[in-house]
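Novice: Dumping the structure here so I can ask a few things about it.
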Amino acid sequence: MTSNVAAASEALKALVAAPISVMEVCGTHTVSIFRSGIRSLLPPQLRLVSGPGCPVCVTDQGEIDCALSLLETGAVVAAYGDMFRVPGKTGSLASKRSAGFDARLVTSASDVLTIAEKEPRKEVVFLAVGFETTAPATAALVLEASVRNIANLSVLSFHKRTPPALKALSADPSLALSGFLLPGHVSVILGHEPFRFLSDLHGIPAVIAGFDPEQIMLGLVTIALQKRKGEAALRSVYGQAVRPEGNTKARELMESVFISKDASWRGLGVLPDSGLALRDGFSRFDAEKRFELSCTPGEAPAGCRCGEVLTGRIAPTECPLFRTVCTPVSPVGPCMVSGEGTCGAYFRYQRANGGER
Ligand code: SF4
């Protein structure tokens, strides 16, 4: 523990007199909090709850089943790592690949372009999942495919927008959230303004913070100070990394290819304007249209309470399947699969680093 973290811990103990609940929105925050043992440094009145900032976790079950159904057409389905192991109704991309279907692991959107160019006789579909951080790379892929006139590439866009999810959470009185630790990476792209409604409309302090323990503790102290003074403001402690206006080039890139659409989130249901669809000018790259898919919301695996975990309603330990049936080796839901998932973080760090709280 650094001296700054220790000082922040003491400051929090002095500042937080009444119970408060702060949501760390981002899965990277969640993992950093568990790995560094931050929960054990907090006063008992400060409750940290994990939010919906793991893109794999919030992907609706019906969206996963839709991607799996594409394999049956003979198409190549390319996806980032964690999506591979998320169970759907008929298996996962990984188990389907073992069964002979053509699912491919990619580490960047541009890998998909390479596959499509090398194998022009195959339909290649990119399973595009993620928030405003990854959507610009998908937009660049679509633009490049358009310029090169690649006919066998399409995108199954399940990208999600962060602000509508926070809107839903902040308006839910049952959650009684006292503050938000906002996602640093998303804020780099969006800047400050899309989050200002949290403080100005809902009266909830919101702080943009980076991911190391000092940043997280500073963010919590900034929220606690506001609560103590009875104030609510949007603040950033992430320094130069987040400009108030965000990354305008990345946003322009995203907006040139995508338009917002209603989307279904695990745990939150259908939220208006919370997804990203390809604009009409790029509809030839839209896998839902090309394959005439109808991706409707689906049922979570039996017994899995991932939707409640990622909205801060329960801790993973309250899921009866946690550690008994559901483990990282044999995950039932995405919250255990993903490297940013809360159940996985509890499983890995709970005992060692005081994650019980
Ligand atoms: S422990 Fe497993 S089954 Fe339970 S909520 Fe988490 S992912 Fe779902």
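Following the order of the structure tokens, chains are lettered A, B, ..., residues in each are numbered from 1, and ligands are numbered from 1.
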Residues near stretch 276-292 of chain A, anyone? I mean within 6 Å using only C-alpha atoms, not counting same-chain ones fewer than 4 positions away, as a PyMOL selection string.

Specialist: chain A and resi 154-156+159+257-261

Novice: With C-alpha atoms retained, export the selected residues as an mmCIF file, in the first residue's frame.

Specialist:
data_model
loop_
_atom_site.group_PDB
_atom_site.id
_atom_site.type_symbol
_atom_site.label_atom_id
_atom_site.label_comp_id
_atom_site.auth_asym_id
_atom_site.auth_seq_id
_atom_site.Cartn_x
_atom_site.Cartn_y
_atom_site.Cartn_z
ATOM 1 C CA SER A 154 -20.128 -8.079 -42.122
ATOM 2 C CA VAL A 155 -20.534 -6.910 -38.549
ATOM 3 C CA LEU A 156 -22.963 -8.168 -35.927
ATOM 4 C CA HIS A 159 -21.953 -2.385 -29.185
ATOM 5 C CA VAL A 257 -20.643 4.616 -39.228
ATOM 6 C CA PHE A 258 -23.099 4.042 -36.374
ATOM 7 C CA ILE A 259 -26.437 5.391 -35.299
ATOM 8 C CA SER A 260 -27.937 4.747 -31.878
ATOM 9 C CA LYS A 261 -30.670 2.148 -31.495
#

Novice: When the cut-off is 8 Å and you count only C-alpha atoms and all ligand atoms, which residues lie near ligand 1, shown as a list in words?

Specialist: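 Those within range of ligand 1 are Pro301, Gly303, Cys304, Arg305, Cys306, Gly307, Glu308, Val309, Pro316, Thr317, Glu318, Cys319, Pro320, Leu321, Phe322, Arg323, Val325, Cys326, Thr327, Pro331, Val332, Gly333, Pro334, Cys335, Met336, Val337, Thr342, Cys343 and Gly344 of chain A.
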
Novice: Limited to C-alpha atoms, could you put the picked residues into a file as a JSON list (two decimals), in the first residue's frame?

Specialist:
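And here's selection_7.json as it stands now:
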[["chain", "number", "residue", "atom", "x", "y", "z"],
["A", 301, "PRO", "CA", -28.94, -19.68, -18.07],
["A", 303, "GLY", "CA", -30.04, -20.15, -11.91],
["A", 304, "CYS", "CA", -27.57, -17.52, -13.14],
["A", 305, "ARG", "CA", -28.03, -14.16, -11.41],
["A", 306, "CYS", "CA", -25.44, -12.29, -13.43],
["A", 307, "GLY", "CA", -28.02, -9.61, -14.34],
["A", 308, "GLU", "CA", -28.49, -8.79, -10.65],
["A", 309, "VAL", "CA", -24.74, -8.89, -10.01],
["A", 316, "PRO", "CA", -21.80, -12.93, -6.45],
["A", 317, "THR", "CA", -21.71, -14.83, -3.17],
["A", 318, "GLU", "CA", -25.50, -14.51, -3.03],
["A", 319, "CYS", "CA", -25.81, -16.60, -6.20],
["A", 320, "PRO", "CA", -26.33, -20.22, -5.13],
["A", 321, "LEU", "CA", -24.22, -21.40, -8.07],
["A", 322, "PHE", "CA", -21.17, -19.33, -7.11],
["A", 323, "ARG", "CA", -18.14, -21.56, -6.44],
["A", 325, "VAL", "CA", -21.52, -25.12, -9.90],
["A", 326, "CYS", "CA", -20.13, -21.93, -11.46],
["A", 327, "THR", "CA", -16.35, -21.47, -11.52],
["A", 331, "PRO", "CA", -18.70, -20.88, -15.98],
["A", 332, "VAL", "CA", -22.48, -20.73, -16.06],
["A", 333, "GLY", "CA", -22.76, -17.03, -16.88],
["A", 334, "PRO", "CA", -20.62, -14.30, -18.43],
["A", 335, "CYS", "CA", -19.92, -12.60, -15.07],
["A", 336, "MET", "CA", -17.71, -15.62, -14.30],
["A", 337, "VAL", "CA", -16.23, -15.91, -17.79],
["A", 342, "THR", "CA", -17.54, -9.36, -10.96],
["A", 343, "CYS", "CA", -18.13, -13.06, -10.24],
["A", 344, "GLY", "CA", -14.72, -13.93, -11.69]]

Novice: My list of candidates is A:Ile208, A:Ala17, A:Leu218, A:Ala171. Which is closest to A:Gln240 when distances are computed with only C-alpha atoms?

Specialist: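 Nearest to A:Gln240: A:Ile208.
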
Novice: Kindly indicate which residue among A:Cys26, A:Ala99, A:Ile216, A:Val242 lies nearest to A:Pro52, using only C-alpha atoms for the distances.

Specialist: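 Checking each candidate against A:Pro52, we get A:Cys26 as the closest.
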
Novice: So that I can check the surroundings of A:Ser108, please list as a list in words every protein, DNA and RNA residue that reaches within 9 Å of it, counting only C-alpha atoms and ignoring chain neighbours fewer than 5 positions away.

Specialist: Ala79, Tyr80 and Ala137 of chain A

Novice: Just want the 8 Å neighbourhood of A:Val22, counted on only C-alpha atoms, with same-chain residues fewer than 4 positions away dropped. Output as a ChimeraX atom specification.

Specialist: /A:46-49,177-181

Novice: Grab the residues selected above and save them as a short mmCIF file (atom, residue, chain, number, x, y, z; two decimals), in the first residue's frame with C-alpha atoms.

Specialist:
data_model
loop_
_atom_site.label_atom_id
_atom_site.label_comp_id
_atom_site.auth_asym_id
_atom_site.auth_seq_id
_atom_site.Cartn_x
_atom_site.Cartn_y
_atom_site.Cartn_z
CA LEU A 46 -18.91 2.81 2.53
CA ARG A 47 -20.33 0.05 0.37
CA LEU A 48 -18.83 -0.49 -3.08
CA VAL A 49 -21.08 -2.15 -5.64
CA LEU A 177 -26.75 4.85 -5.21
CA SER A 178 -24.87 7.68 -3.51
CA GLY A 179 -22.09 8.08 -6.06
CA PHE A 180 -20.59 6.80 -9.29
CA LEU A 181 -16.96 6.04 -9.97
#

Novice: Determine which residues of stretch 114-310 of chain A DSSP labels as helix (DSSP H, G or I) from the backbone of this structure, then write them out as an NGL selection string.

Specialist: :A and (114-118 or 135-147 or 162-170 or 184-190 or 193-200 or 213-229 or 239-241 or 248-257 or 280-285 or 287-290 or 306-309)

Novice: Include C-alpha atoms and write out the residues we just selected as a PDB file, in the first residue's frame.

Specialist:
ATOM      1  CA  THR A 114      -7.286  -9.975 -43.056  1.00  0.00           C
ATOM      2  CA  ILE A 115      -9.420 -13.112 -42.695  1.00  0.00           C
ATOM      3  CA  ALA A 116     -12.027 -11.795 -45.135  1.00  0.00           C
ATOM      4  CA  GLU A 117      -9.406 -10.872 -47.734  1.00  0.00           C
ATOM      5  CA  LYS A 118      -7.570 -14.179 -47.450  1.00  0.00           C
ATOM      6  CA  ALA A 135     -16.771   0.923 -31.217  1.00  0.00           C
ATOM      7  CA  PRO A 136     -14.344   3.312 -33.023  1.00  0.00           C
ATOM      8  CA  ALA A 137     -12.176   0.333 -34.071  1.00  0.00           C
ATOM      9  CA  THR A 138     -15.264  -1.417 -35.463  1.00  0.00           C
ATOM     10  CA  ALA A 139     -16.191   1.791 -37.306  1.00  0.00           C
ATOM     11  CA  ALA A 140     -12.692   1.924 -38.807  1.00  0.00           C
ATOM     12  CA  LEU A 141     -13.070  -1.714 -39.904  1.00  0.00           C
ATOM     13  CA  VAL A 142     -16.356  -0.970 -41.683  1.00  0.00           C
ATOM     14  CA  LEU A 143     -14.925   2.117 -43.398  1.00  0.00           C
ATOM     15  CA  GLU A 144     -11.860   0.168 -44.562  1.00  0.00           C
ATOM     16  CA  ALA A 145     -14.019  -2.706 -45.813  1.00  0.00           C
ATOM     17  CA  SER A 146     -16.101  -0.164 -47.694  1.00  0.00           C
ATOM     18  CA  VAL A 147     -13.062   1.499 -49.280  1.00  0.00           C
ATOM     19  CA  THR A 162     -22.659   3.720 -21.488  1.00  0.00           C
ATOM     20  CA  PRO A 163     -24.731   6.830 -20.593  1.00  0.00           C
ATOM     21  CA  PRO A 164     -28.179   5.209 -21.116  1.00  0.00           C
ATOM     22  CA  ALA A 165     -27.238   2.411 -18.705  1.00  0.00           C
ATOM     23  CA  LEU A 166     -26.182   4.948 -16.079  1.00  0.00           C
ATOM     24  CA  LYS A 167     -29.401   6.831 -16.696  1.00  0.00           C
ATOM     25  CA  ALA A 168     -31.389   3.689 -15.892  1.00  0.00           C
ATOM     26  CA  LEU A 169     -29.350   2.909 -12.774  1.00  0.00           C
ATOM     27  CA  SER A 170     -29.423   6.447 -11.400  1.00  0.00           C
ATOM     28  CA  GLY A 184     -11.895   6.163 -17.218  1.00  0.00           C
ATOM     29  CA  HIS A 185     -11.461   4.610 -20.665  1.00  0.00           C
ATOM     30  CA  VAL A 186     -14.979   5.450 -21.836  1.00  0.00           C
ATOM     31  CA  SER A 187     -14.551   8.998 -20.528  1.00  0.00           C
ATOM     32  CA  VAL A 188     -11.390   9.386 -22.619  1.00  0.00           C
ATOM     33  CA  ILE A 189     -13.665   9.027 -25.660  1.00  0.00           C
ATOM     34  CA  LEU A 190     -16.862  10.727 -24.428  1.00  0.00           C
ATOM     35  CA  GLU A 193     -20.667  16.134 -20.696  1.00  0.00           C
ATOM     36  CA  PRO A 194     -22.480  12.817 -21.320  1.00  0.00           C
ATOM     37  CA  PHE A 195     -22.186  12.098 -17.576  1.00  0.00           C
ATOM     38  CA  ARG A 196     -23.193  15.493 -16.208  1.00  0.00           C
ATOM     39  CA  PHE A 197     -26.851  14.476 -15.865  1.00  0.00           C
ATOM     40  CA  LEU A 198     -25.877  12.231 -12.949  1.00  0.00           C
ATOM     41  CA  SER A 199     -25.026  15.182 -10.721  1.00  0.00           C
ATOM     42  CA  ASP A 200     -27.144  17.913 -12.280  1.00  0.00           C
ATOM     43  CA  PRO A 213      -5.423   2.040  -6.485  1.00  0.00           C
ATOM     44  CA  GLU A 214      -4.390   5.671  -5.864  1.00  0.00           C
ATOM     45  CA  GLN A 215      -6.794   6.903  -8.560  1.00  0.00           C
ATOM     46  CA  ILE A 216      -9.638   4.786  -7.251  1.00  0.00           C
ATOM     47  CA  MET A 217      -9.110   5.906  -3.664  1.00  0.00           C
ATOM     48  CA  LEU A 218      -8.860   9.546  -4.754  1.00  0.00           C
ATOM     49  CA  GLY A 219     -12.125   9.121  -6.659  1.00  0.00           C
ATOM     50  CA  LEU A 220     -13.818   7.694  -3.563  1.00  0.00           C
ATOM     51  CA  VAL A 221     -12.513  10.514  -1.377  1.00  0.00           C
ATOM     52  CA  THR A 222     -13.838  13.033  -3.926  1.00  0.00           C
ATOM     53  CA  ILE A 223     -17.282  11.422  -3.753  1.00  0.00           C
ATOM     54  CA  ALA A 224     -17.206  11.202   0.052  1.00  0.00           C
ATOM     55  CA  LEU A 225     -16.237  14.865   0.338  1.00  0.00           C
ATOM     56  CA  GLN A 226     -19.224  15.856  -1.781  1.00  0.00           C
ATOM     57  CA  LYS A 227     -21.564  13.692   0.268  1.00  0.00           C
ATOM     58  CA  ARG A 228     -20.207  15.218   3.454  1.00  0.00           C
ATOM     59  CA  LYS A 229     -20.834  18.742   2.108  1.00  0.00           C
ATOM     60  CA  GLY A 239      -5.788  14.399 -15.055  1.00  0.00           C
ATOM     61  CA  GLN A 240      -4.667  14.878 -18.639  1.00  0.00           C
ATOM     62  CA  ALA A 241      -5.913  11.462 -19.754  1.00  0.00           C
ATOM     63  CA  THR A 248     -13.611  14.127 -30.888  1.00  0.00           C
ATOM     64  CA  LYS A 249     -11.900  12.228 -33.709  1.00  0.00           C
ATOM     65  CA  ALA A 250     -12.866   8.846 -32.251  1.00  0.00           C
ATOM     66  CA  ARG A 251     -16.436  10.050 -31.717  1.00  0.00           C
ATOM     67  CA  GLU A 252     -16.683  11.408 -35.273  1.00  0.00           C
ATOM     68  CA  LEU A 253     -15.403   8.093 -36.590  1.00  0.00           C
ATOM     69  CA  MET A 254     -17.981   6.224 -34.540  1.00  0.00           C
ATOM     70  CA  GLU A 255     -20.802   8.570 -35.531  1.00  0.00           C
ATOM     71  CA  SER A 256     -19.931   8.365 -39.231  1.00  0.00           C
ATOM     72  CA  VAL A 257     -20.643   4.616 -39.228  1.00  0.00           C
ATOM     73  CA  ASP A 280     -28.065   2.870 -43.823  1.00  0.00           C
ATOM     74  CA  GLY A 281     -25.068   3.729 -45.991  1.00  0.00           C
ATOM     75  CA  PHE A 282     -23.262   0.709 -44.555  1.00  0.00           C
ATOM     76  CA  SER A 283     -26.168  -1.727 -44.438  1.00  0.00           C
ATOM     77  CA  ARG A 284     -24.373  -4.133 -46.782  1.00  0.00           C
ATOM     78  CA  PHE A 285     -21.979  -4.769 -43.872  1.00  0.00           C
ATOM     79  CA  ALA A 287     -24.849  -9.030 -40.490  1.00  0.00           C
ATOM     80  CA  GLU A 288     -28.367  -8.835 -39.028  1.00  0.00           C
ATOM     81  CA  LYS A 289     -29.653  -7.673 -42.425  1.00  0.00           C
ATOM     82  CA  ARG A 290     -27.395  -9.849 -44.540  1.00  0.00           C
ATOM     83  CA  CYS A 306     -25.439 -12.287 -13.433  1.00  0.00           C
ATOM     84  CA  GLY A 307     -28.019  -9.608 -14.343  1.00  0.00           C
ATOM     85  CA  GLU A 308     -28.489  -8.791 -10.651  1.00  0.00           C
ATOM     86  CA  VAL A 309     -24.740  -8.892 -10.008  1.00  0.00           C
TER      87      VAL A 309
END

Novice: Check the smallest atom-to-atom distance from each of A:Ser95, A:Thr2, A:Thr59, A:Thr311 to A:Asp172 using only C-alpha atoms, then report the winner.

Specialist: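 Closest to A:Asp172, using only C-alpha atoms: A:Thr311.
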
Novice: Write out as an MDAnalysis selection string all residues of stretch 107-196 of chain A that DSSP puts in strand (DSSP E) for this structure's backbone.

Specialist: chainID A and resid 124:130 153:159 179:182

Novice: Once you have the residues from the selection above, write them out as an mmCIF file, in the first residue's frame, restricted to N, CA and C atoms.

Specialist:
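So part_37.cif came out as:
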data_model
loop_
_atom_site.group_PDB
_atom_site.id
_atom_site.type_symbol
_atom_site.label_atom_id
_atom_site.label_comp_id
_atom_site.auth_asym_id
_atom_site.auth_seq_id
_atom_site.Cartn_x
_atom_site.Cartn_y
_atom_site.Cartn_z
ATOM 1 N N VAL A 124 -17.532 -13.760 -43.618
ATOM 2 C CA VAL A 124 -16.820 -13.528 -42.359
ATOM 3 C C VAL A 124 -17.588 -12.484 -41.555
ATOM 4 N N VAL A 125 -18.006 -12.865 -40.346
ATOM 5 C CA VAL A 125 -18.820 -11.972 -39.511
ATOM 6 C C VAL A 125 -18.043 -11.619 -38.248
ATOM 7 N N PHE A 126 -17.959 -10.327 -37.970
ATOM 8 C CA PHE A 126 -17.309 -9.873 -36.744
ATOM 9 C C PHE A 126 -18.365 -9.668 -35.674
ATOM 10 N N LEU A 127 -18.240 -10.400 -34.577
ATOM 11 C CA LEU A 127 -19.133 -10.221 -33.425
ATOM 12 C C LEU A 127 -18.605 -9.019 -32.638
ATOM 13 N N ALA A 128 -19.222 -7.867 -32.860
ATOM 14 C CA ALA A 128 -18.719 -6.607 -32.309
ATOM 15 C C ALA A 128 -19.413 -6.292 -30.992
ATOM 16 N N VAL A 129 -18.647 -6.453 -29.916
ATOM 17 C CA VAL A 129 -19.158 -6.245 -28.564
ATOM 18 C C VAL A 129 -18.263 -5.216 -27.887
ATOM 19 N N GLY A 130 -18.853 -4.379 -27.062
ATOM 20 C CA GLY A 130 -18.030 -3.411 -26.320
ATOM 21 C C GLY A 130 -18.694 -2.055 -26.253
ATOM 22 N N LEU A 153 -17.519 -9.499 -45.882
ATOM 23 C CA LEU A 153 -17.346 -9.153 -44.464
ATOM 24 C C LEU A 153 -18.590 -8.441 -43.940
ATOM 25 N N SER A 154 -19.014 -8.808 -42.751
ATOM 26 C CA SER A 154 -20.128 -8.079 -42.122
ATOM 27 C C SER A 154 -19.911 -8.027 -40.609
ATOM 28 N N VAL A 155 -20.692 -7.168 -39.983
ATOM 29 C CA VAL A 155 -20.534 -6.910 -38.549
ATOM 30 C C VAL A 155 -21.861 -7.170 -37.849
ATOM 31 N N LEU A 156 -21.793 -7.973 -36.787
ATOM 32 C CA LEU A 156 -22.963 -8.168 -35.927
ATOM 33 C C LEU A 156 -22.762 -7.210 -34.755
ATOM 34 N N SER A 157 -23.371 -6.036 -34.857
ATOM 35 C CA SER A 157 -23.067 -4.983 -33.892
ATOM 36 C C SER A 157 -23.917 -5.079 -32.631
ATOM 37 N N PHE A 158 -23.253 -5.496 -31.552
ATOM 38 C CA PHE A 158 -23.894 -5.480 -30.230
ATOM 39 C C PHE A 158 -23.194 -4.463 -29.322
ATOM 40 N N HIS A 159 -22.587 -3.452 -29.969
ATOM 41 C CA HIS A 159 -21.953 -2.385 -29.185
ATOM 42 C C HIS A 159 -23.007 -1.690 -28.323
ATOM 43 N N GLY A 179 -23.157 7.526 -5.232
ATOM 44 C CA GLY A 179 -22.091 8.076 -6.064
ATOM 45 C C GLY A 179 -21.694 7.094 -7.152
ATOM 46 N N PHE A 180 -21.093 7.638 -8.193
ATOM 47 C CA PHE A 180 -20.587 6.800 -9.290
ATOM 48 C C PHE A 180 -19.092 7.047 -9.477
ATOM 49 N N LEU A 181 -18.340 5.973 -9.514
ATOM 50 C CA LEU A 181 -16.964 6.037 -9.974
ATOM 51 C C LEU A 181 -17.032 5.731 -11.469
ATOM 52 N N LEU A 182 -16.828 6.757 -12.279
ATOM 53 C CA LEU A 182 -17.098 6.617 -13.718
ATOM 54 C C LEU A 182 -15.928 5.956 -14.451
#

Novice: With distances taken over only C-alpha atoms, which of A:Asn4, A:Ser50, A:Thr133, A:Asn247 is nearest to A:Leu175?

Specialist: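 Distance minimum relative to A:Leu175 lands on A:Ser50.
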
Novice: Any idea what the distance is between atom CA of A:Pro183 and atom CA of A:Cys54?

Specialist: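 Pair atom CA of A:Pro183 / atom CA of A:Cys54 returns 10.6 Å.
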
Novice: Do you know which residues are at most 10 Å from A:Thr107 counting only C-alpha atoms, after dropping those on the same chain fewer than 3 positions away, and could you put them as a list in words?

Specialist: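 Everything that qualifies: Ala78, Ala79, Tyr80, Gly81, Ser110, Asp111 and Val112 of chain A.
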
Novice: Can those selected residues be exported to a file as a CSV table (one decimal), in the first residue's frame so that it contains N, CA and C atoms?

Specialist:
chain,number,residue,atom,x,y,z
A,78,ALA,N,-16.0,-14.2,-36.0
A,78,ALA,CA,-14.8,-13.8,-35.4
A,78,ALA,C,-15.1,-13.0,-34.2
A,79,ALA,N,-14.4,-13.2,-33.1
A,79,ALA,CA,-14.8,-12.5,-31.8
A,79,ALA,C,-13.5,-12.3,-31.0
A,80,TYR,N,-13.6,-11.3,-30.0
A,80,TYR,CA,-12.6,-11.2,-29.0
A,80,TYR,C,-12.6,-12.3,-28.0
A,81,GLY,N,-11.5,-12.4,-27.3
A,81,GLY,CA,-11.3,-13.5,-26.4
A,81,GLY,C,-12.4,-14.0,-25.5
A,110,SER,N,-9.0,-5.3,-37.1
A,110,SER,CA,-8.4,-5.4,-38.4
A,110,SER,C,-8.0,-6.8,-38.7
A,111,ASP,N,-7.9,-7.7,-37.7
A,111,ASP,CA,-7.7,-9.1,-38.0
A,111,ASP,C,-8.8,-9.7,-38.9
A,112,VAL,N,-10.0,-9.1,-38.7
A,112,VAL,CA,-11.2,-9.6,-39.4
A,112,VAL,C,-11.0,-9.3,-40.9

Novice: How far is it from atom CA of A:Gly100 to atom CA of A:Cys57, in Å with one decimal?

Specialist: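 If I compute the distance from atom CA of A:Gly100 to atom CA of A:Cys57, I get 25.8 Å.
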
Novice: Show me, as an MDAnalysis selection string, the residues that have an atom within 12 Å of A:Arg121 when counting only C-alpha atoms, minus same-chain residues fewer than 6 positions from it.

Specialist: chainID A and resid 74:76 115 150:153

Novice: Can you write out the residues you just picked, keeping C-alpha atoms, as an mmCIF file, in the first residue's frame?

Specialist:
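Listing of again_6.cif after writing:
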data_model
loop_
_atom_site.group_PDB
_atom_site.id
_atom_site.type_symbol
_atom_site.label_atom_id
_atom_site.label_comp_id
_atom_site.auth_asym_id
_atom_site.auth_seq_id
_atom_site.Cartn_x
_atom_site.Cartn_y
_atom_site.Cartn_z
ATOM 1 C CA GLY A 74 -21.237 -21.940 -42.469
ATOM 2 C CA ALA A 75 -20.020 -18.403 -41.830
ATOM 3 C CA VAL A 76 -16.800 -17.616 -40.010
ATOM 4 C CA ILE A 115 -9.420 -13.112 -42.695
ATOM 5 C CA ILE A 150 -14.822 -6.279 -49.438
ATOM 6 C CA ALA A 151 -18.016 -8.147 -50.149
ATOM 7 C CA ASN A 152 -17.738 -11.070 -47.735
ATOM 8 C CA LEU A 153 -17.346 -9.153 -44.464
#

Novice: Excluding same-chain residues fewer than 3 positions from A:Arg35, what lies within 12 Å of it counting only C-alpha atoms, as an MDAnalysis selection string?

Specialist: chainID A and resid 28:32 38:40 211:213 340 342 344:355

Novice: Now that the selection is made, can you save its residues with C-alpha atoms as a compact mmCIF listing (two decimals), in the first residue's frame?

Specialist:
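Written file, part_39.txt:
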# COMPACT_ATOMS: atom_id res chain seq x y z
CA THR A 28 -11.47 -2.78 -15.00
CA HIS A 29 -12.14 -0.81 -11.79
CA THR A 30 -13.80 -3.87 -10.27
CA VAL A 31 -10.80 -6.08 -10.96
CA SER A 32 -8.32 -3.43 -9.74
CA ILE A 38 -9.12 -1.78 -1.61
CA ARG A 39 -12.33 -3.07 -0.01
CA SER A 40 -10.44 -3.94 3.16
CA PHE A 211 -7.52 2.40 -12.66
CA ASP A 212 -4.64 2.24 -10.22
CA PRO A 213 -5.42 2.04 -6.48
CA GLU A 340 -13.68 -7.99 -16.12
CA THR A 342 -17.54 -9.36 -10.96
CA GLY A 344 -14.72 -13.93 -11.69
CA ALA A 345 -13.08 -11.16 -9.63
CA TYR A 346 -14.79 -12.41 -6.45
CA PHE A 347 -13.69 -15.94 -7.22
CA ARG A 348 -10.05 -15.01 -7.78
CA TYR A 349 -9.51 -12.39 -5.06
CA GLN A 350 -12.33 -12.56 -2.52
CA ARG A 351 -10.58 -14.44 0.26
CA ALA A 352 -7.11 -13.07 -0.24
CA ASN A 353 -8.08 -9.42 -0.48
CA GLY A 354 -11.12 -8.85 1.67
CA GLY A 355 -13.73 -9.01 -1.06

Novice: My list of candidates is A:Ala109, A:Ala300, A:Ala263, A:Val86. Which is closest to A:Val329 when distances are computed with only C-alpha atoms?

Specialist: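 Closest to A:Val329, using only C-alpha atoms: A:Val86.
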